[in-house]
Every structure is written in structure tokens, then in C-alpha cells.
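start.txt follows; it contains compact mmCIF, C-alpha atoms.
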```txt
# COMPACT_ATOMS: atom_id res chain seq x y z
CA MET I 23 -37.39 -15.33 -152.07
CA ALA I 24 -33.74 -15.93 -152.98
CA GLU I 25 -31.07 -15.69 -150.31
CA GLY I 26 -29.91 -12.08 -149.90
CA ALA I 27 -32.56 -10.70 -152.27
CA SER I 28 -34.22 -7.44 -151.28
CA PRO I 29 -37.88 -7.91 -150.35
CA SER I 30 -40.48 -6.41 -152.67
CA PRO I 31 -42.71 -3.99 -150.72
CA SER I 32 -45.55 -4.63 -153.18
CA GLU I 33 -45.86 -8.14 -151.71
CA VAL I 34 -46.02 -6.99 -148.11
CA PRO I 35 -49.22 -5.86 -146.33
CA LEU I 36 -49.08 -2.75 -144.17
CA VAL I 37 -49.40 -4.81 -140.99
CA ALA I 38 -45.70 -5.70 -141.43
CA LEU I 39 -44.65 -2.23 -140.25
CA ASN I 40 -43.77 -2.43 -136.57
CA TYR I 41 -44.44 0.03 -133.78
CA SER I 42 -41.21 2.01 -134.05
CA VAL I 43 -41.59 2.60 -137.80
CA ARG I 44 -45.21 3.73 -137.35
CA ARG I 45 -44.16 6.06 -134.54
CA ARG I 46 -41.41 7.59 -136.69
CA LEU I 47 -43.88 8.05 -139.55
CA GLY I 48 -46.10 9.94 -137.14
CA LEU I 49 -43.25 12.23 -136.13
CA PHE I 50 -42.87 13.29 -139.76
CA LEU I 51 -46.52 13.39 -140.84
CA ASN I 52 -48.50 14.44 -137.73
CA PRO I 53 -47.29 18.09 -137.54
CA ARG I 54 -49.36 20.34 -139.81
CA ALA I 55 -46.89 22.22 -142.01
CA PRO I 56 -47.79 24.83 -144.67
CA VAL I 57 -45.25 23.57 -147.21
CA ALA I 58 -44.75 19.82 -146.69
CA ALA I 59 -47.44 17.20 -147.31
CA ASP I 60 -48.73 15.86 -143.98
CA TRP I 61 -51.08 13.07 -142.87
CA THR I 62 -54.15 14.86 -144.24
CA THR I 63 -52.64 14.94 -147.74
CA LEU I 64 -51.83 11.24 -147.48
CA ALA I 65 -55.40 10.52 -146.35
CA GLU I 66 -56.82 12.40 -149.35
CA GLU I 67 -54.55 10.43 -151.70
CA LEU I 68 -55.97 7.25 -150.16
CA GLY I 69 -59.51 8.41 -150.92
CA TYR I 70 -60.68 9.54 -147.49
CA GLU I 71 -63.40 12.19 -147.37
CA TYR I 72 -63.26 15.54 -145.57
CA LEU I 73 -65.41 14.48 -142.60
CA GLU I 74 -63.43 11.28 -142.15
CA ILE I 75 -60.20 13.28 -141.95
CA ARG I 76 -61.76 15.80 -139.57
CA GLY I 77 -62.62 12.94 -137.24
CA TRP I 78 -58.92 12.26 -136.63
CA GLU I 79 -57.80 15.87 -136.11
CA GLY I 80 -58.20 15.60 -132.35
CA SER I 81 -56.10 12.45 -132.12
CA ALA I 82 -52.58 12.57 -130.64
CA ASP I 83 -51.42 10.34 -133.52
CA PRO I 84 -53.63 10.83 -136.60
CA THR I 85 -51.05 9.12 -138.83
CA GLY I 86 -51.31 6.03 -136.64
CA CYS I 87 -55.11 6.13 -136.89
CA LEU I 88 -54.88 6.36 -140.67
CA LEU I 89 -52.46 3.43 -140.90
CA GLU I 90 -54.76 1.36 -138.68
CA ASP I 91 -57.91 2.15 -140.67
CA TRP I 92 -56.51 1.84 -144.20
CA PRO I 93 -56.21 -2.01 -144.21
CA ARG I 94 -59.81 -2.28 -142.97
CA ARG I 95 -61.03 0.12 -145.64
CA CYS I 96 -59.03 -1.47 -148.45
CA PRO I 97 -58.34 -5.18 -147.73
CA GLY I 98 -55.48 -6.42 -149.88
CA GLY I 99 -54.69 -2.94 -151.21
CA ALA I 100 -53.00 -1.51 -148.14
CA THR I 101 -49.40 -2.50 -148.83
CA VAL I 102 -46.01 -1.11 -147.91
CA GLY I 103 -45.30 -0.61 -151.61
CA ARG I 104 -48.40 1.55 -152.03
CA LEU I 105 -47.39 3.66 -149.00
CA LEU I 106 -43.88 4.20 -150.38
CA GLU I 107 -45.32 5.11 -153.78
CA LEU I 108 -47.54 7.77 -152.21
CA LEU I 109 -44.71 9.21 -150.10
CA ARG I 110 -42.64 9.58 -153.30
CA ARG I 111 -45.56 11.21 -155.08
CA LEU I 112 -46.00 13.64 -152.18
CA GLU I 113 -42.26 14.41 -152.33
CA ARG I 114 -41.67 13.34 -148.72
CA HIS I 115 -38.14 12.26 -149.55
CA ASP I 116 -37.09 13.07 -145.98
CA VAL I 117 -39.35 10.27 -144.72
CA LEU I 118 -38.05 7.83 -147.31
CA ALA I 119 -34.43 8.65 -146.49
CA ASP I 120 -34.95 8.32 -142.75
CA LEU I 121 -37.10 5.18 -142.70
CA GLY I 122 -36.13 3.36 -145.91
CA ALA I 123 -33.74 0.90 -144.25
CA ALA I 124 -36.08 0.18 -141.32
CA ILE I 125 -39.05 -0.42 -143.64
CA GLU I 126 -36.99 -2.79 -145.80
CA GLU I 127 -35.97 -4.72 -142.69
CA ASN I 128 -39.63 -4.98 -141.60
CA CYS I 129 -40.54 -6.33 -145.04
CA LYS I 130 -37.74 -8.87 -144.93
CA LYS I 131 -38.83 -10.20 -141.53
CA TYR I 132 -42.44 -10.45 -142.66
CA LEU I 133 -41.61 -12.39 -145.81
CA GLN I 134 -39.36 -14.74 -143.86
CA LYS I 135 -42.12 -15.55 -141.39
CA LYS I 136 -44.85 -15.64 -144.05
CA GLN I 137 -47.36 -14.45 -141.48
CA PRO I 138 -48.57 -11.04 -140.29
CA ILE I 139 -46.62 -9.28 -137.60
CA GLN I 140 -48.59 -8.81 -134.40
CA ASP I 141 -50.55 -5.69 -133.65
CA PRO I 142 -48.10 -2.76 -133.17
CA GLU I 143 -49.38 -2.22 -129.63
CA VAL I 144 -47.80 -5.52 -128.59
CA ASP I 145 -44.94 -5.66 -131.11
CA SER I 146 -41.70 -7.08 -129.76
CA SER I 147 -39.81 -4.05 -131.07
CA ILE I 148 -41.27 -1.89 -128.27
CA PRO I 149 -38.41 -1.17 -125.85
CA LEU I 150 -38.57 -3.09 -122.58
CA THR I 151 -39.35 -1.18 -119.41
CA LEU I 152 -35.95 -2.22 -118.07
CA GLU I 153 -34.27 -0.05 -120.71
CA LYS I 154 -36.00 3.02 -119.26
CA ARG I 155 -34.79 2.52 -115.70
CA GLY I 156 -31.77 4.35 -114.33
CA ILE I 157 -31.49 6.73 -117.28
CA THR I 158 -30.84 9.97 -115.34
CA THR I 159 -28.38 10.83 -112.59
CA LEU I 160 -31.02 10.83 -109.81
CA ASP I 161 -33.14 7.95 -111.10
CA ASP I 162 -34.14 5.06 -108.89
CA PRO I 163 -32.28 2.15 -110.59
CA PHE I 164 -35.21 -0.17 -109.76
CA GLY I 165 -37.73 2.05 -111.55
CA GLN I 166 -39.90 2.72 -108.48
CA MET I 167 -39.19 6.49 -108.32
CA PRO I 168 -38.26 7.84 -111.78
CA GLU I 169 -36.77 11.33 -111.81
CA LEU I 170 -39.27 13.93 -113.08
CA PHE I 171 -38.65 17.38 -114.56
CA ASP I 172 -40.49 20.61 -115.27
CA ALA I 173 -39.04 20.88 -118.76
CA PHE I 174 -36.91 19.04 -121.29
CA ILE I 175 -34.40 21.38 -122.95
CA CYS I 176 -33.95 20.81 -126.68
CA TYR I 177 -30.68 22.39 -127.80
CA CYS I 178 -27.67 21.92 -130.06
CA GLN I 179 -24.10 21.78 -128.77
CA LYS I 180 -23.18 25.28 -129.95
CA ASP I 181 -25.94 26.76 -127.78
CA ILE I 182 -24.73 25.22 -124.50
CA PRO I 183 -23.61 28.65 -123.14
CA PHE I 184 -27.24 29.81 -123.36
CA VAL I 185 -28.39 26.56 -121.69
CA GLN I 186 -25.99 27.26 -118.82
CA GLU I 187 -27.46 30.75 -118.42
CA MET I 188 -30.95 29.20 -118.45
CA ILE I 189 -29.93 26.85 -115.64
CA GLN I 190 -28.76 29.80 -113.56
CA GLU I 191 -31.91 31.86 -114.20
CA LEU I 192 -34.53 29.11 -113.80
CA GLU I 193 -33.02 26.59 -111.38
CA GLN I 194 -30.83 28.70 -109.12
CA THR I 195 -33.26 31.57 -108.49
CA GLU I 196 -36.63 31.90 -106.79
CA HIS I 197 -38.27 29.99 -109.67
CA ARG I 198 -36.65 26.71 -108.53
CA LEU I 199 -37.55 24.88 -111.72
CA LYS I 200 -36.05 21.50 -112.55
CA LEU I 201 -34.72 21.25 -116.09
CA CYS I 202 -33.70 18.14 -118.01
CA VAL I 203 -30.43 18.95 -119.77
CA PHE I 204 -29.28 15.91 -121.71
CA ASP I 205 -25.52 16.40 -121.33
CA ARG I 206 -25.87 17.00 -117.59
CA ASP I 207 -28.70 14.73 -116.48
CA VAL I 208 -28.76 11.65 -118.75
CA LEU I 209 -26.47 8.70 -118.03
CA PRO I 210 -24.45 7.24 -120.93
CA GLY I 211 -24.98 3.77 -122.34
CA SER I 212 -28.62 3.81 -123.50
CA CYS I 213 -30.31 4.22 -126.89
CA VAL I 214 -30.57 7.97 -127.53
CA TRP I 215 -33.94 7.82 -129.33
CA THR I 216 -35.56 5.55 -126.73
CA ILE I 217 -34.39 7.63 -123.77
CA THR I 218 -35.23 10.95 -125.42
CA SER I 219 -38.78 9.78 -126.20
CA GLU I 220 -39.25 8.51 -122.63
CA LEU I 221 -38.05 11.79 -121.11
CA ILE I 222 -40.15 14.05 -123.32
CA GLU I 223 -43.36 12.00 -123.12
CA LYS I 224 -43.29 10.60 -119.56
CA ARG I 225 -40.80 12.53 -117.43
CA CYS I 226 -41.09 16.22 -118.47
CA ARG I 227 -44.16 18.45 -118.25
CA ARG I 228 -42.95 20.85 -120.96
CA MET I 229 -40.24 21.13 -123.59
CA VAL I 230 -38.20 24.26 -124.31
CA VAL I 231 -36.82 24.40 -127.86
CA ILE I 232 -33.79 26.68 -128.17
CA ILE I 233 -33.89 28.06 -131.70
CA SER I 234 -30.82 29.24 -133.60
CA ASP I 235 -29.23 28.74 -137.00
CA ASP I 236 -27.29 25.80 -135.53
CA TYR I 237 -30.53 24.23 -134.24
CA LEU I 238 -31.72 23.92 -137.84
CA ASP I 239 -28.74 21.69 -138.68
CA SER I 240 -29.24 19.29 -135.75
CA GLU I 241 -30.89 15.90 -136.44
CA GLU I 242 -31.37 15.35 -132.71
CA CYS I 243 -33.22 18.65 -132.30
CA ASP I 244 -35.35 17.91 -135.34
CA PHE I 245 -36.39 14.54 -133.90
CA GLN I 246 -37.11 15.96 -130.44
CA THR I 247 -39.22 18.83 -131.83
CA LYS I 248 -41.29 16.63 -134.13
CA PHE I 249 -41.80 14.08 -131.36
CA ALA I 250 -43.08 16.75 -128.92
CA LEU I 251 -45.39 18.18 -131.58
CA SER I 252 -46.81 14.72 -132.24
CA LEU I 253 -47.74 14.51 -128.54
CA SER I 254 -49.41 17.91 -128.60
CA PRO I 255 -50.71 18.70 -132.11
CA GLY I 256 -51.66 22.35 -132.45
CA ALA I 257 -49.90 23.15 -129.13
CA ARG I 258 -53.19 22.67 -127.28
CA SER I 259 -51.48 21.67 -124.04
CA LYS I 260 -48.67 24.25 -124.32
CA ARG I 261 -46.21 21.35 -124.13
CA LEU I 262 -43.65 22.98 -126.44
CA ILE I 263 -42.17 26.46 -125.92
CA PRO I 264 -39.84 27.89 -128.61
CA VAL I 265 -37.06 30.21 -127.42
CA LYS I 266 -35.08 32.30 -129.90
CA CYS I 267 -31.68 32.64 -128.27
CA LYS I 268 -29.69 34.59 -130.88
CA PRO I 269 -30.24 36.52 -134.14
CA MET I 270 -30.82 34.23 -137.11
CA LYS I 271 -29.78 34.40 -140.74
CA LYS I 272 -31.82 31.36 -141.73
CA GLU I 273 -35.61 31.15 -141.85
CA PHE I 274 -37.43 30.37 -138.60
CA PRO I 275 -38.66 26.72 -138.55
CA SER I 276 -42.01 26.55 -140.31
CA ILE I 277 -43.41 23.86 -138.00
CA LEU I 278 -43.04 26.24 -135.01
CA ARG I 279 -44.45 29.42 -136.54
CA PHE I 280 -47.91 28.84 -135.09
CA ILE I 281 -46.57 28.77 -131.48
CA THR I 282 -45.87 31.92 -129.47
CA VAL I 283 -42.11 32.48 -129.18
CA CYS I 284 -40.03 33.71 -126.23
CA ASP I 285 -37.52 36.04 -127.92
CA TYR I 286 -34.25 36.54 -126.02
CA THR I 287 -32.91 38.73 -128.84
CA ASN I 288 -35.56 41.44 -128.41
CA VAL I 289 -33.79 44.14 -126.40
CA SER I 290 -36.99 46.01 -125.51
CA THR I 291 -38.58 42.95 -123.85
CA LYS I 292 -35.48 41.18 -122.55
CA LYS I 293 -36.05 42.28 -118.93
CA TRP I 294 -39.29 40.24 -118.87
CA PHE I 295 -37.84 37.25 -120.71
CA TRP I 296 -36.94 34.92 -117.82
CA THR I 297 -40.09 35.70 -115.82
CA ARG I 298 -42.34 34.96 -118.82
CA LEU I 299 -40.51 31.74 -119.56
CA ALA I 300 -40.60 30.60 -115.93
CA LYS I 301 -44.34 31.27 -115.60
CA SER I 302 -45.10 29.36 -118.80
CA LEU I 303 -43.17 26.37 -117.41
CA LEU I 304 -44.97 26.56 -114.08
CA LEU I 305 -48.45 26.34 -115.60
CA PRO I 306 -50.36 23.21 -114.52
```
Would you write the structure of this file as C-alpha cells?
Amino acid sequence: MAEGASPSPSEVPLVALNYSVRRRLGLFLNPRAPVAADWTTLAEELGYEYLEIRGWEGSADPTGCLLEDWPRRCPGGATVGRLLELLRRLERHDVLADLGAAIEENCKKYLQKKQPIQDPEVDSSIPLTLEKRGITTLDDPFGQMPELFDAFICYCQKDIPFVQEMIQELEQTEHRLKLCVFDRDVLPGSCVWTITSELIEKRCRRMVVIISDDYLDSEECDFQTKFALSLSPGARSKRLIPVKCKPMKKEFPSILRFITVCDYTNVSTKKWFWTRLAKSLLLP
């Protein structure tokens, strides 16, 4: 390959995609959405049968399972180029826009080494444990006693006044819950995506998603929501709790429509709002 030339994905086997790219693919494709093509549509395009797809429905990361099985099912045919072609055909332009640069970089590294990248479970791109120490204000800097929370609060900056009211109602009352509020609890200087993933998956029992028109415009909120859904597909563990904090002009997020909502805007039920939310966060 000539110096500076862009790598051709058609030459690169799927094994070149590292852990972080596969994880991001899962965030986009794992949630079952009524309008966008998800992992099941991709599996059908690859020739998988109904019962084979059903076998992965209970997995926390069905997209990851599909990407692991495809090279075994189709040796030599499972390439990055083929994956990109299918994503274009399925009109998942959001995935291509978000991951295009990272996928190209993976291809470039693979072609330079001329050998397969290691299994994603041991890929060197996985963040070191050291990066996840001392990330919150009360963390043990040596990683022996990480700070834990009842719930991670997913919010956009314009909804901070509601977050402050939530702190008063859930932390400073008889409920005594411990919330993870990024702007208050997370120390600066670390990778946002790495720390957010660590907090949602390992440090917080639940996640509260504060829904508003502004939430729909936030890339951070979009990432956090899709990541939490990938950990709990179908909301089986009640990990994610949507909260509608103000009247909306835009359409409610389609990926959250199947989860029961706590509606702060409903005047007739507002007196029960904080108690219902607190009890849902206190569930084992």
C-alpha cells in the first residue's frame, strides 16, 4: 500500500475491528427500534435463519455475537468492506458517520501489520484499569474502594435546574439515594466516553434519563442511553428509567417508547412522582 493511501476495507477481514469499534457498533445496533434497521436486520442480510437469530435475543450484546460468528460461518467473506456495504444498504448512515474514521484507522493498522488483530477481548485498545481509578470526587485513588451510586443521571445542560430539584428530592429527604451527576461528581481530566461507560455499567445500579426537547439534541445523552440499553436489552432488569421533565414539541424518543415513563409534566399524578421514582431506584 502506498504511503498515505487510504486502506481498502474490501481487503481487510472483520477481525481487524477492535474492541471499542465493536462496542460502539453494539450501542447502535443492539436496541430494537421500530424504524431503524437493527442487528436482526443485519443478521438476515448475512443469511442467518430465524432460529439462529432467536438464539442471540437473550444476549447482552447480540451484535457482538453476530460479529464473532460471521467469520466462522463465512471464512474469507466476512470483511470490513462487506459490513460497510450492508450498513449503507440498511441506511444506517448514523453508524457510518460516527464510526467511519475509527474503522478506517483499524483497517490501516491491520494492513500495516499484515496479520490479524488479537481477539477483541484482549485487544490493546481496551482502556487500562488505571484510567478508571480516581474518577469521582469520593473515589479511592488506588482503586480499592470505588465510589458506587444508586443511579446515573443522564441529562443535558439546559435541564440542570431539574437535576438540582432531583438532588433535593431524592438525596436530601428520607429516601437518601445517592445519585451520580456528572458535573458534580466526576473529576476532570479523563476520557468522557471511557468514564461514562464505567460509571453506567460498573458503578450505578440504575440510570435515570431526563427527557426533553433539548435531550434529543445531545450527543452525550444519545450515547449514554444507547449504552445503557445495550446492557439491558428489553429493559428486563429495569436498569433504565425515562423521566419526562417538561412538555415536549418534538417526538418522544422511539428507542424508549417500550419503557414505562415517569411523567413530571402530568399535573394529576405529580404528587406521586418523586415517591414512584425513588421506589423504582431502590428496587434490588
Open item on the list: For a quick check of understanding, using only C-alpha atoms, which of I:Leu49, I:Leu303, I:Cys284, I:Ile157 has the smallest distance to Ala173 in chain I?
Closed with: I:Leu303
TODO: Quick one: pull the distance between CA of Ser302 in chain I and CA of Ile263 in chain I, Å, one decimal.
DONE: 8.2 Å
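Nearest to Tyr132 in chain I of all the residues I:Ile189, I:Ala38, I:Pro84, I:Val43 is I:Ala38, based on all atoms listed in the file.
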Task: Using all atoms listed in the file: which of I:Thr159, I:Thr291, I:Asn128, I:Glu67 has the shortest distance to Arg206 in chain I - done: I:Thr159
TODO: Return the single residue from I:Glu187, I:Phe245, I:Val34, I:Trp61 that is closest to Glu126 in chain I, with distances computed using only C-alpha atoms.
DONE: I:Val34
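Of note, CA of Leu199 in chain I and CA of Lys301 in chain I are spaced 10.1 Å apart.
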